[in-house]
>>> print(open('start07.tsv').read())   # TSV, C-alpha atoms and all ligand atoms
chain	number	residue	atom	x	y	z
A	119	MET	CA	-8.20	-0.80	-21.30
A	120	ASN	CA	-9.13	2.49	-22.80
A	121	LYS	CA	-6.19	4.89	-23.21
A	122	LYS	CA	-7.70	7.44	-20.88
A	123	THR	CA	-8.97	5.15	-18.18
A	124	GLY	CA	-6.00	3.88	-16.24
A	125	LEU	CA	-6.92	2.64	-12.82
A	126	PHE	CA	-4.88	3.24	-9.68
A	127	ILE	CA	-5.32	0.70	-6.89
A	128	THR	CA	-3.46	0.76	-3.58
A	129	LEU	CA	-3.05	-1.88	-0.89
A	130	GLU	CA	-2.55	-0.61	2.63
A	131	GLY	CA	-2.36	-1.99	6.15
A	132	GLY	CA	0.15	-2.81	8.85
A	133	GLU	CA	3.16	-5.11	8.62
A	134	GLY	CA	2.20	-8.69	7.84
A	135	SER	CA	-1.44	-7.94	7.00
A	136	GLY	CA	-1.17	-9.64	3.60
A	137	LYS	CA	-0.67	-6.72	1.18
A	138	THR	CA	1.99	-8.44	-0.91
A	139	THR	CA	0.15	-11.78	-0.86
A	140	GLN	CA	-3.10	-10.21	-2.05
A	141	GLY	CA	-1.37	-7.92	-4.54
A	142	ASN	CA	0.42	-10.84	-6.19
A	143	GLN	CA	-2.84	-12.73	-6.56
A	144	LEU	CA	-4.63	-9.68	-7.89
A	145	VAL	CA	-1.94	-9.00	-10.48
A	146	HIS	CA	-2.02	-12.63	-11.59
A	147	ARG	CA	-5.79	-12.63	-11.97
A	148	LEU	CA	-6.03	-9.28	-13.75
A	149	LYS	CA	-3.32	-10.32	-16.23
A	150	GLU	CA	-5.18	-13.56	-16.84
A	151	MET	CA	-8.24	-11.45	-17.62
A	152	GLY	CA	-6.24	-9.52	-20.21
A	153	TYR	CA	-5.60	-6.24	-18.43
A	154	PRO	CA	-2.24	-4.47	-18.66
A	155	VAL	CA	-1.01	-4.27	-15.08
A	156	VAL	CA	1.90	-2.54	-13.37
A	157	TRP	CA	2.68	-4.02	-9.93
A	158	THR	CA	4.73	-1.67	-7.81
A	159	LYS	CA	5.42	-0.68	-4.23
A	160	GLU	CA	6.42	2.04	-1.80
A	161	PRO	CA	9.04	2.63	-0.76
A	162	GLY	CA	11.18	1.24	-3.59
A	163	GLY	CA	9.08	1.28	-6.75
A	164	THR	CA	11.93	2.89	-8.73
A	165	ASP	CA	15.73	2.57	-8.76
A	166	ILE	CA	16.10	5.75	-6.75
A	167	GLY	CA	13.31	4.54	-4.49
A	168	ARG	CA	15.16	1.29	-3.81
A	169	SER	CA	18.13	3.25	-2.49
A	170	LEU	CA	15.82	5.41	-0.39
A	171	ARG	CA	14.08	2.28	0.93
A	172	GLU	CA	17.35	0.96	2.30
A	173	VAL	CA	17.93	4.18	4.19
A	174	VAL	CA	14.42	4.69	5.54
A	175	MET	CA	13.63	1.12	6.57
A	176	SER	CA	17.00	-0.03	7.77
A	177	ASN	CA	17.41	-1.27	11.30
A	178	ARG	CA	20.56	0.84	11.47
A	179	HIS	CA	18.49	4.03	11.44
A	180	LYS	CA	16.21	3.58	14.42
A	181	ASP	CA	17.15	7.08	15.61
A	182	MET	CA	15.78	8.76	12.46
A	183	VAL	CA	13.48	11.62	13.45
A	184	PRO	CA	9.89	11.49	12.12
A	185	GLU	CA	10.35	14.50	9.84
A	186	THR	CA	13.37	12.95	8.12
A	187	GLU	CA	11.42	9.73	7.70
A	188	LEU	CA	8.52	11.64	6.12
A	189	LEU	CA	10.79	13.52	3.72
A	190	ILE	CA	12.42	10.31	2.51
A	191	TYR	CA	9.03	8.68	1.92
A	192	MET	CA	7.92	11.81	0.07
A	193	ALA	CA	11.05	11.76	-2.08
A	194	ASP	CA	10.37	8.11	-2.92
A	195	ARG	CA	6.71	8.91	-3.70
A	196	THR	CA	7.52	11.92	-5.84
A	197	GLN	CA	9.92	9.89	-7.98
A	198	HIS	CA	7.48	6.99	-8.09
A	199	VAL	CA	4.44	9.02	-9.14
A	200	LYS	CA	6.21	11.14	-11.73
A	201	SER	CA	8.42	8.52	-13.35
A	202	LYS	CA	6.31	5.38	-13.10
A	203	ILE	CA	2.72	5.67	-11.90
A	204	LEU	CA	1.51	8.62	-13.97
A	205	PRO	CA	3.08	7.43	-17.25
A	206	ALA	CA	1.48	3.98	-16.77
A	207	LEU	CA	-1.92	5.48	-15.99
A	208	ARG	CA	-1.65	7.71	-19.07
A	209	ASP	CA	-1.04	4.52	-21.06
A	210	GLY	CA	-4.32	3.19	-19.72
A	211	LYS	CA	-2.75	0.59	-17.45
A	212	ILE	CA	-3.92	-0.68	-14.09
A	213	VAL	CA	-1.35	0.34	-11.49
A	214	ILE	CA	-1.35	-1.55	-8.21
A	215	SER	CA	0.86	-0.19	-5.47
A	216	ASP	CA	1.83	-2.12	-2.35
A	217	ARG	CA	1.53	0.88	0.03
A	218	TYR	CA	1.17	4.55	-0.95
A	219	HIS	CA	0.29	7.87	0.67
A	220	ASP	CA	-2.16	6.48	3.25
A	221	SER	CA	0.81	4.70	4.82
A	222	SER	CA	2.46	8.08	5.40
A	223	VAL	CA	-0.74	9.32	7.01
A	224	ALA	CA	-1.04	6.24	9.24
A	225	TYR	CA	2.65	5.97	10.20
A	226	GLN	CA	4.05	9.49	10.09
A	227	HIS	CA	0.92	11.35	11.21
A	228	PHE	CA	-1.14	8.99	13.38
A	229	ALA	CA	1.75	6.99	14.88
A	230	ARG	CA	4.64	9.49	14.84
A	231	GLY	CA	2.69	12.72	15.26
A	232	VAL	CA	3.76	14.78	12.23
A	233	PRO	CA	0.93	17.29	11.53
A	234	MET	CA	-1.46	16.55	8.67
A	235	THR	CA	-0.93	20.04	7.25
A	236	THR	CA	2.75	19.16	6.66
A	237	LEU	CA	1.87	15.85	5.01
A	238	ASN	CA	-0.83	17.39	2.85
A	239	PHE	CA	1.41	20.21	1.72
A	240	LEU	CA	4.28	17.93	0.68
A	241	PHE	CA	1.95	15.42	-0.97
A	242	ARG	CA	0.14	18.06	-2.97
A	243	GLU	CA	3.04	20.33	-3.84
A	244	LEU	CA	5.79	17.76	-4.47
A	245	ALA	CA	4.35	14.31	-4.99
A	246	GLY	CA	1.55	15.41	-7.32
A	247	GLY	CA	-1.34	14.71	-4.94
A	248	LEU	CA	-2.49	11.76	-7.04
A	249	ILE	CA	-5.40	10.01	-5.32
A	250	PRO	CA	-6.01	6.29	-5.93
A	251	ASN	CA	-9.30	5.19	-7.49
A	252	ILE	CA	-9.65	2.58	-4.80
A	253	THR	CA	-7.68	1.61	-1.71
A	254	PHE	CA	-7.89	-1.61	0.27
A	255	VAL	CA	-6.94	-1.45	3.91
A	256	LEU	CA	-6.10	-4.95	5.09
A	257	ASP	CA	-7.12	-4.75	8.69
A	258	MET	CA	-6.15	-7.08	11.49
A	259	ALA	CA	-4.90	-7.06	15.07
A	260	PRO	CA	-1.17	-6.31	15.09
A	261	GLU	CA	-0.58	-9.18	17.54
A	262	THR	CA	-1.76	-11.66	14.91
A	263	ALA	CA	0.07	-9.94	12.06
A	264	ILE	CA	3.33	-10.04	13.99
A	265	ARG	CA	2.89	-13.79	14.53
A	266	ARG	CA	2.49	-14.14	10.76
A	267	ILE	CA	5.68	-12.21	10.09
A	268	LYS	CA	7.63	-14.36	12.51
A	269	LYS	CA	6.33	-17.46	10.73
A	270	ARG	CA	7.24	-15.98	7.34
A	271	GLY	CA	10.89	-15.93	8.41
A	272	ILE	CA	13.52	-13.72	6.88
A	273	THR	CA	13.57	-14.41	3.17
A	274	ASP	CA	14.98	-10.98	2.41
A	275	PRO	CA	16.99	-9.34	5.22
A	276	ALA	CA	16.05	-5.88	3.90
A	277	SER	CA	12.39	-6.76	4.45
A	278	LEU	CA	12.92	-6.94	8.21
A	279	SER	CA	12.31	-3.28	8.75
A	280	LYS	CA	12.73	-1.17	11.82
A	281	PHE	CA	8.92	-0.92	11.89
A	282	GLU	CA	8.57	-4.63	12.50
A	283	GLU	CA	10.53	-4.17	15.69
A	284	GLU	CA	8.33	-1.37	17.01
A	285	ALA	CA	6.26	-2.17	20.10
A	286	LEU	CA	2.55	-2.98	20.00
A	287	PRO	CA	1.27	0.52	20.93
A	288	PHE	CA	2.93	1.85	17.77
A	289	HIS	CA	1.21	-0.78	15.61
A	290	ARG	CA	-2.11	-0.05	17.30
A	291	LYS	CA	-1.77	3.63	16.40
A	292	VAL	CA	-1.02	2.68	12.79
A	293	ARG	CA	-4.10	0.46	12.66
A	294	HIS	CA	-6.26	3.20	14.19
A	295	GLY	CA	-4.84	5.61	11.59
A	296	PHE	CA	-5.82	3.42	8.66
A	297	LEU	CA	-9.32	2.94	10.09
A	298	LYS	CA	-9.67	6.69	10.58
A	299	ILE	CA	-8.66	7.32	6.95
A	300	ALA	CA	-11.33	4.81	5.83
A	301	GLU	CA	-13.90	6.51	8.01
A	302	LEU	CA	-13.13	9.87	6.42
A	303	GLU	CA	-13.09	8.55	2.84
A	304	PRO	CA	-15.51	5.61	2.69
A	305	GLU	CA	-16.00	5.88	-1.07
A	306	ARG	CA	-12.34	5.34	-1.87
A	307	VAL	CA	-11.07	3.33	1.08
A	308	LYS	CA	-12.43	-0.15	1.74
A	309	VAL	CA	-11.57	-1.93	4.97
A	310	ILE	CA	-11.05	-5.64	4.41
A	311	PRO	CA	-10.89	-7.98	7.42
A	312	ALA	CA	-7.49	-9.57	6.80
A	313	ASP	CA	-7.48	-12.16	9.57
A	314	ARG	CA	-9.29	-14.58	7.26
A	315	PRO	CA	-8.12	-17.26	4.82
A	316	ARG	CA	-6.33	-15.85	1.77
A	317	GLU	CA	-9.12	-16.80	-0.65
A	318	GLU	CA	-11.75	-15.09	1.47
A	319	VAL	CA	-9.74	-11.86	1.63
A	320	PHE	CA	-9.22	-12.02	-2.12
A	321	GLN	CA	-12.94	-12.47	-2.75
A	322	GLN	CA	-13.76	-9.37	-0.74
A	323	ILE	CA	-11.22	-7.33	-2.70
A	324	SER	CA	-12.50	-8.68	-6.01
A	325	ARG	CA	-16.08	-7.88	-5.12
A	326	HIS	CA	-15.27	-4.18	-4.67
A	327	LEU	CA	-13.02	-4.09	-7.70
A	328	SER	CA	-15.25	-5.74	-10.27
A	329	ALA	CA	-17.56	-2.73	-10.20
A	330	LEU	CA	-14.66	-0.47	-11.22
A	331	LEU	CA	-13.10	-2.54	-13.99
A	332	PRO	CA	-13.88	-1.47	-17.51
A	333	SER	CA	-15.06	-4.42	-19.59
A	334	ASN	CA	-12.36	-4.28	-22.23
A	335	GLY	CA	-9.66	-6.57	-20.88
A	336	GLU	CA	-9.08	-9.32	-23.51
A	337	ASN	CA	-10.86	-11.92	-21.42
A	338	SER	CA	-12.77	-9.52	-19.27
A	339	HIS	CA	-16.02	-11.39	-19.76
A	340	GLU	CA	-14.52	-13.69	-17.15
A	341	SER	CA	-15.20	-12.61	-13.62
A	342	PHE	CA	-12.77	-12.90	-10.75
A	401	LIG	N1	-4.88	-14.73	4.80
A	401	LIG	C1	-3.74	-15.22	5.31
A	401	LIG	N2	-3.77	-16.17	6.27
A	401	LIG	C2	-2.61	-16.65	6.81
A	401	LIG	N3	-1.38	-16.24	6.45
A	401	LIG	C3	-1.30	-15.30	5.51
A	401	LIG	C4	-2.46	-14.74	4.89
A	401	LIG	N4	-2.07	-13.80	3.99
A	401	LIG	C5	-0.72	-13.78	4.04
A	401	LIG	N5	-0.25	-14.67	4.94
A	401	LIG	C6	1.16	-14.94	5.29
A	401	LIG	O1	1.50	-13.93	6.25
A	401	LIG	C7	2.79	-13.42	6.00
A	401	LIG	C8	2.68	-11.92	5.72
A	401	LIG	O2	2.00	-11.71	4.49
A	401	LIG	P1	2.50	-10.60	3.46
A	401	LIG	O3	3.97	-10.71	3.31
A	401	LIG	O4	1.65	-10.71	2.25
A	401	LIG	O5	2.12	-9.30	4.28
A	401	LIG	P2	2.51	-7.79	3.98
A	401	LIG	O6	1.33	-6.99	4.41
A	401	LIG	O7	2.97	-7.65	2.59
A	401	LIG	O8	3.72	-7.61	5.01
A	401	LIG	P3	4.86	-6.45	5.00
A	401	LIG	O9	4.19	-5.20	5.52
A	401	LIG	O10	5.88	-6.96	5.97
A	401	LIG	O11	5.36	-6.31	3.60
A	401	LIG	C9	3.35	-14.22	4.81
A	401	LIG	O12	4.11	-15.28	5.31
A	401	LIG	C10	2.10	-14.74	4.12
A	401	LIG	O13	2.34	-15.96	3.44
A	402	MG	MG	4.78	-6.90	1.83
>>> encode(input="start07.tsv", output="structure tokens")
Amino acid sequence: MNKKTGLFITLEGGEGSGKTTQGNQLVHRLKEMGYPVVWTKEPGGTDIGRSLREVVMSNRHKDMVPETELLIYMADRTQHVKSKILPALRDGKIVISDRYHDSSVAYQHFARGVPMTTLNFLFRELAGGLIPNITFVLDMAPETAIRRIKKRGITDPASLSKFEEEALPFHRKVRHGFLKIAELEPERVKVIPADRPREEVFQQISRHLSALLPSNGENSHESF
């Protein structure tokens, strides 16, 4: 890719909606096409972020107040953007993040009630206010997503977060939040029905993305 045209892609959606599954496939395909790709996530895209992730997602901290939660996510994001995402974008890479700022808006604002003015201020003033080129919201009913998570089993105990144990009304607020974000920013945020076979979800993502990809990956004459 051209030095000045890094591309920032984010995958968003509730627990178990398929973000990691789709991200892995996307990274694999883009690399095959010859693009330099950085695959990262929030929280925990950096060393410092991994420590913060343990604190913010741990089942031991169910009594964490929403503002503390927000500040930890913002600390993770600030470190992530400044030390990893921006340098990669400046190098002309494609950065794909498994969750980013829209998750804070959906969880900390829409589900937990922290005012948007607070989120916007911290995001802009501390975390750099970097806006993704395109965001995919993997949308599905939380009931179905929770069934998927239960089937997935616990491969990594740290991945069983306190959020997965929240009740359905919480997950419904999160879903509503993501859909509201998409409604407000239809150019950037694409809602992808995620309760479909993996290949079908991937095709929908690819369709939106192919319009954005510069045609200078090594094998970029290939399509998705
Ligand atoms: N389209 C699909 N159809 C059926 N099962 C799927 C589909 N996509 C992913 N899964 C399975 O559902 C489970 C959750 O998927 P995945 O881990 O990718 O979701 P996630 O959004 O990353 O979840 P989390 O928020 O917990 O990180 C996994 O076991 C995965 O294999
Ligand atoms: Mg995941």
>>> residues_near_ligand(input="start07.tsv", ligand="ligand LIG 401 (chain A)", cutoff="8 Å", atoms="only C-alpha atoms and all ligand atoms", output="PyMOL selection string")
chain A and resi 130-141+216+256+263+266-267+269-271+277-279+282+312-319
>>> closest_residue(input="start07.tsv", among="A:Gln322, A:Ser215, A:Gln226, A:Gln197", to="ligand MG 402 (chain A)", atoms="all atoms listed in the file")
A:Ser215
>>> atom_distance(input="start07.tsv", atom1="atom CA of A:Ile127", atom2="atom CA of A:Pro205")
14.9 Å
>>> atom_distance(input="start07.tsv", atom1="atom CA of A:His198", atom2="atom CA of A:Gly167")
7.3 Å
>>> residues_around(input="start07.tsv", residues="A:Gly124", least_positions_apart="3", cutoff="10 Å", atoms="all atoms listed in the file", output="list in words")
Met119, Asn120, Lys121, Ile127, Pro154, Val155, Ile203, Leu204, Pro205, Ala206, Leu207, Arg208, Asp209, Gly210, Lys211, Ile212, Val213, Asn251, Leu331 and Pro332 of chain A
>>> write_last_selection(input="start07.tsv", atoms="C-alpha atoms", output="PDB file, keeping the file's coordinate frame")
ATOM      1  CA  MET A 119      -8.200  -0.800 -21.300  1.00  0.00           C
ATOM      2  CA  ASN A 120      -9.130   2.490 -22.800  1.00  0.00           C
ATOM      3  CA  LYS A 121      -6.190   4.890 -23.210  1.00  0.00           C
ATOM      4  CA  ILE A 127      -5.320   0.700  -6.890  1.00  0.00           C
ATOM      5  CA  PRO A 154      -2.240  -4.470 -18.660  1.00  0.00           C
ATOM      6  CA  VAL A 155      -1.010  -4.270 -15.080  1.00  0.00           C
ATOM      7  CA  ILE A 203       2.720   5.670 -11.900  1.00  0.00           C
ATOM      8  CA  LEU A 204       1.510   8.620 -13.970  1.00  0.00           C
ATOM      9  CA  PRO A 205       3.080   7.430 -17.250  1.00  0.00           C
ATOM     10  CA  ALA A 206       1.480   3.980 -16.770  1.00  0.00           C
ATOM     11  CA  LEU A 207      -1.920   5.480 -15.990  1.00  0.00           C
ATOM     12  CA  ARG A 208      -1.650   7.710 -19.070  1.00  0.00           C
ATOM     13  CA  ASP A 209      -1.040   4.520 -21.060  1.00  0.00           C
ATOM     14  CA  GLY A 210      -4.320   3.190 -19.720  1.00  0.00           C
ATOM     15  CA  LYS A 211      -2.750   0.590 -17.450  1.00  0.00           C
ATOM     16  CA  ILE A 212      -3.920  -0.680 -14.090  1.00  0.00           C
ATOM     17  CA  VAL A 213      -1.350   0.340 -11.490  1.00  0.00           C
ATOM     18  CA  ASN A 251      -9.300   5.190  -7.490  1.00  0.00           C
ATOM     19  CA  LEU A 331     -13.100  -2.540 -13.990  1.00  0.00           C
ATOM     20  CA  PRO A 332     -13.880  -1.470 -17.510  1.00  0.00           C
TER      21      PRO A 332
END
>>> atom_distance(input="start07.tsv", atom1="atom CA of A:Leu286", atom2="atom CA of A:Arg171")
22.9 Å
>>> closest_residue(input="start07.tsv", among="A:Ala259, A:Thr196, A:Ser176, A:Arg217", to="ligand MG 402 (chain A)", atoms="all atoms listed in the file")
A:Arg217
>>> closest_residue(input="start07.tsv", among="A:Leu244, A:Val183, A:Gly295, A:Glu261", to="A:Ser222", atoms="only C-alpha atoms")
A:Gly295
>>> closest_residue(input="start07.tsv", among="A:Met175, A:Val223, A:Ile323, A:Leu297", to="A:Leu144", atoms="only C-alpha atoms")
A:Ile323
>>> residues_around(input="start07.tsv", residues="A:Leu248", least_positions_apart="6", cutoff="10 Å", atoms="all atoms listed in the file", output="list in words")
Phe126, Val199, Lys200, Ile203, Leu204, His219, Phe241 and Arg242 of chain A
>>> closest_residue(input="start07.tsv", among="A:Pro250, A:Gly152, A:Pro304, A:Pro161", to="ligand MG 402 (chain A)", atoms="only C-alpha atoms and all ligand atoms")
A:Pro161
>>> closest_residue(input="start07.tsv", among="A:Thr158, A:Glu150, A:Ile310, A:Ala224", to="ligand MG 402 (chain A)", atoms="all atoms listed in the file")
A:Thr158
>>> decode(input="start07.tsv", residues="stretch 287-309 of chain A", atoms="N, CA and C atoms", output="short mmCIF file (atom, residue, chain, number, x, y, z; two decimals), in the first residue's frame")
data_model
loop_
_atom_site.label_atom_id
_atom_site.label_comp_id
_atom_site.auth_asym_id
_atom_site.auth_seq_id
_atom_site.Cartn_x
_atom_site.Cartn_y
_atom_site.Cartn_z
N PRO A 287 -31.10 -7.73 29.37
CA PRO A 287 -31.40 -6.31 29.14
C PRO A 287 -30.14 -5.49 28.87
N PHE A 288 -29.05 -5.83 29.54
CA PHE A 288 -27.78 -5.15 29.31
C PHE A 288 -27.33 -5.36 27.86
N HIS A 289 -27.36 -6.60 27.41
CA HIS A 289 -26.92 -6.91 26.04
C HIS A 289 -27.83 -6.27 25.00
N ARG A 290 -29.10 -6.13 25.35
CA ARG A 290 -30.02 -5.47 24.41
C ARG A 290 -29.69 -3.99 24.29
N LYS A 291 -29.30 -3.38 25.39
CA LYS A 291 -28.91 -1.96 25.35
C LYS A 291 -27.65 -1.79 24.50
N VAL A 292 -26.71 -2.72 24.65
CA VAL A 292 -25.47 -2.66 23.87
C VAL A 292 -25.80 -2.76 22.39
N ARG A 293 -26.66 -3.71 22.04
CA ARG A 293 -27.03 -3.89 20.63
C ARG A 293 -27.69 -2.61 20.09
N HIS A 294 -28.63 -2.07 20.86
CA HIS A 294 -29.31 -0.84 20.46
C HIS A 294 -28.29 0.27 20.26
N GLY A 295 -27.29 0.32 21.15
CA GLY A 295 -26.25 1.35 21.05
C GLY A 295 -25.49 1.25 19.74
N PHE A 296 -25.07 0.05 19.40
CA PHE A 296 -24.33 -0.12 18.13
C PHE A 296 -25.20 0.29 16.93
N LEU A 297 -26.49 -0.08 16.98
CA LEU A 297 -27.36 0.26 15.85
C LEU A 297 -27.58 1.76 15.76
N LYS A 298 -27.62 2.41 16.90
CA LYS A 298 -27.79 3.86 16.95
C LYS A 298 -26.54 4.55 16.34
N ILE A 299 -25.37 4.04 16.69
CA ILE A 299 -24.12 4.60 16.15
C ILE A 299 -24.16 4.49 14.62
N ALA A 300 -24.59 3.32 14.12
CA ALA A 300 -24.64 3.09 12.67
C ALA A 300 -25.64 4.04 12.01
N GLU A 301 -26.72 4.29 12.71
CA GLU A 301 -27.74 5.19 12.18
C GLU A 301 -27.19 6.61 12.04
N LEU A 302 -26.37 6.99 13.01
CA LEU A 302 -25.83 8.35 13.02
C LEU A 302 -24.67 8.51 12.04
N GLU A 303 -23.96 7.41 11.76
CA GLU A 303 -22.79 7.49 10.87
C GLU A 303 -22.83 6.41 9.79
N PRO A 304 -23.84 6.49 8.91
CA PRO A 304 -24.03 5.40 7.94
C PRO A 304 -22.88 5.25 6.94
N GLU A 305 -22.15 6.31 6.70
CA GLU A 305 -21.04 6.23 5.75
C GLU A 305 -19.92 5.33 6.29
N ARG A 306 -19.61 5.53 7.56
CA ARG A 306 -18.51 4.77 8.17
C ARG A 306 -18.94 3.40 8.70
N VAL A 307 -20.12 3.34 9.29
CA VAL A 307 -20.50 2.16 10.07
C VAL A 307 -21.50 1.29 9.30
N LYS A 308 -21.08 0.07 9.00
CA LYS A 308 -21.92 -0.85 8.23
C LYS A 308 -22.45 -1.95 9.15
N VAL A 309 -23.74 -2.11 9.17
CA VAL A 309 -24.34 -3.16 10.00
C VAL A 309 -24.41 -4.45 9.19
#
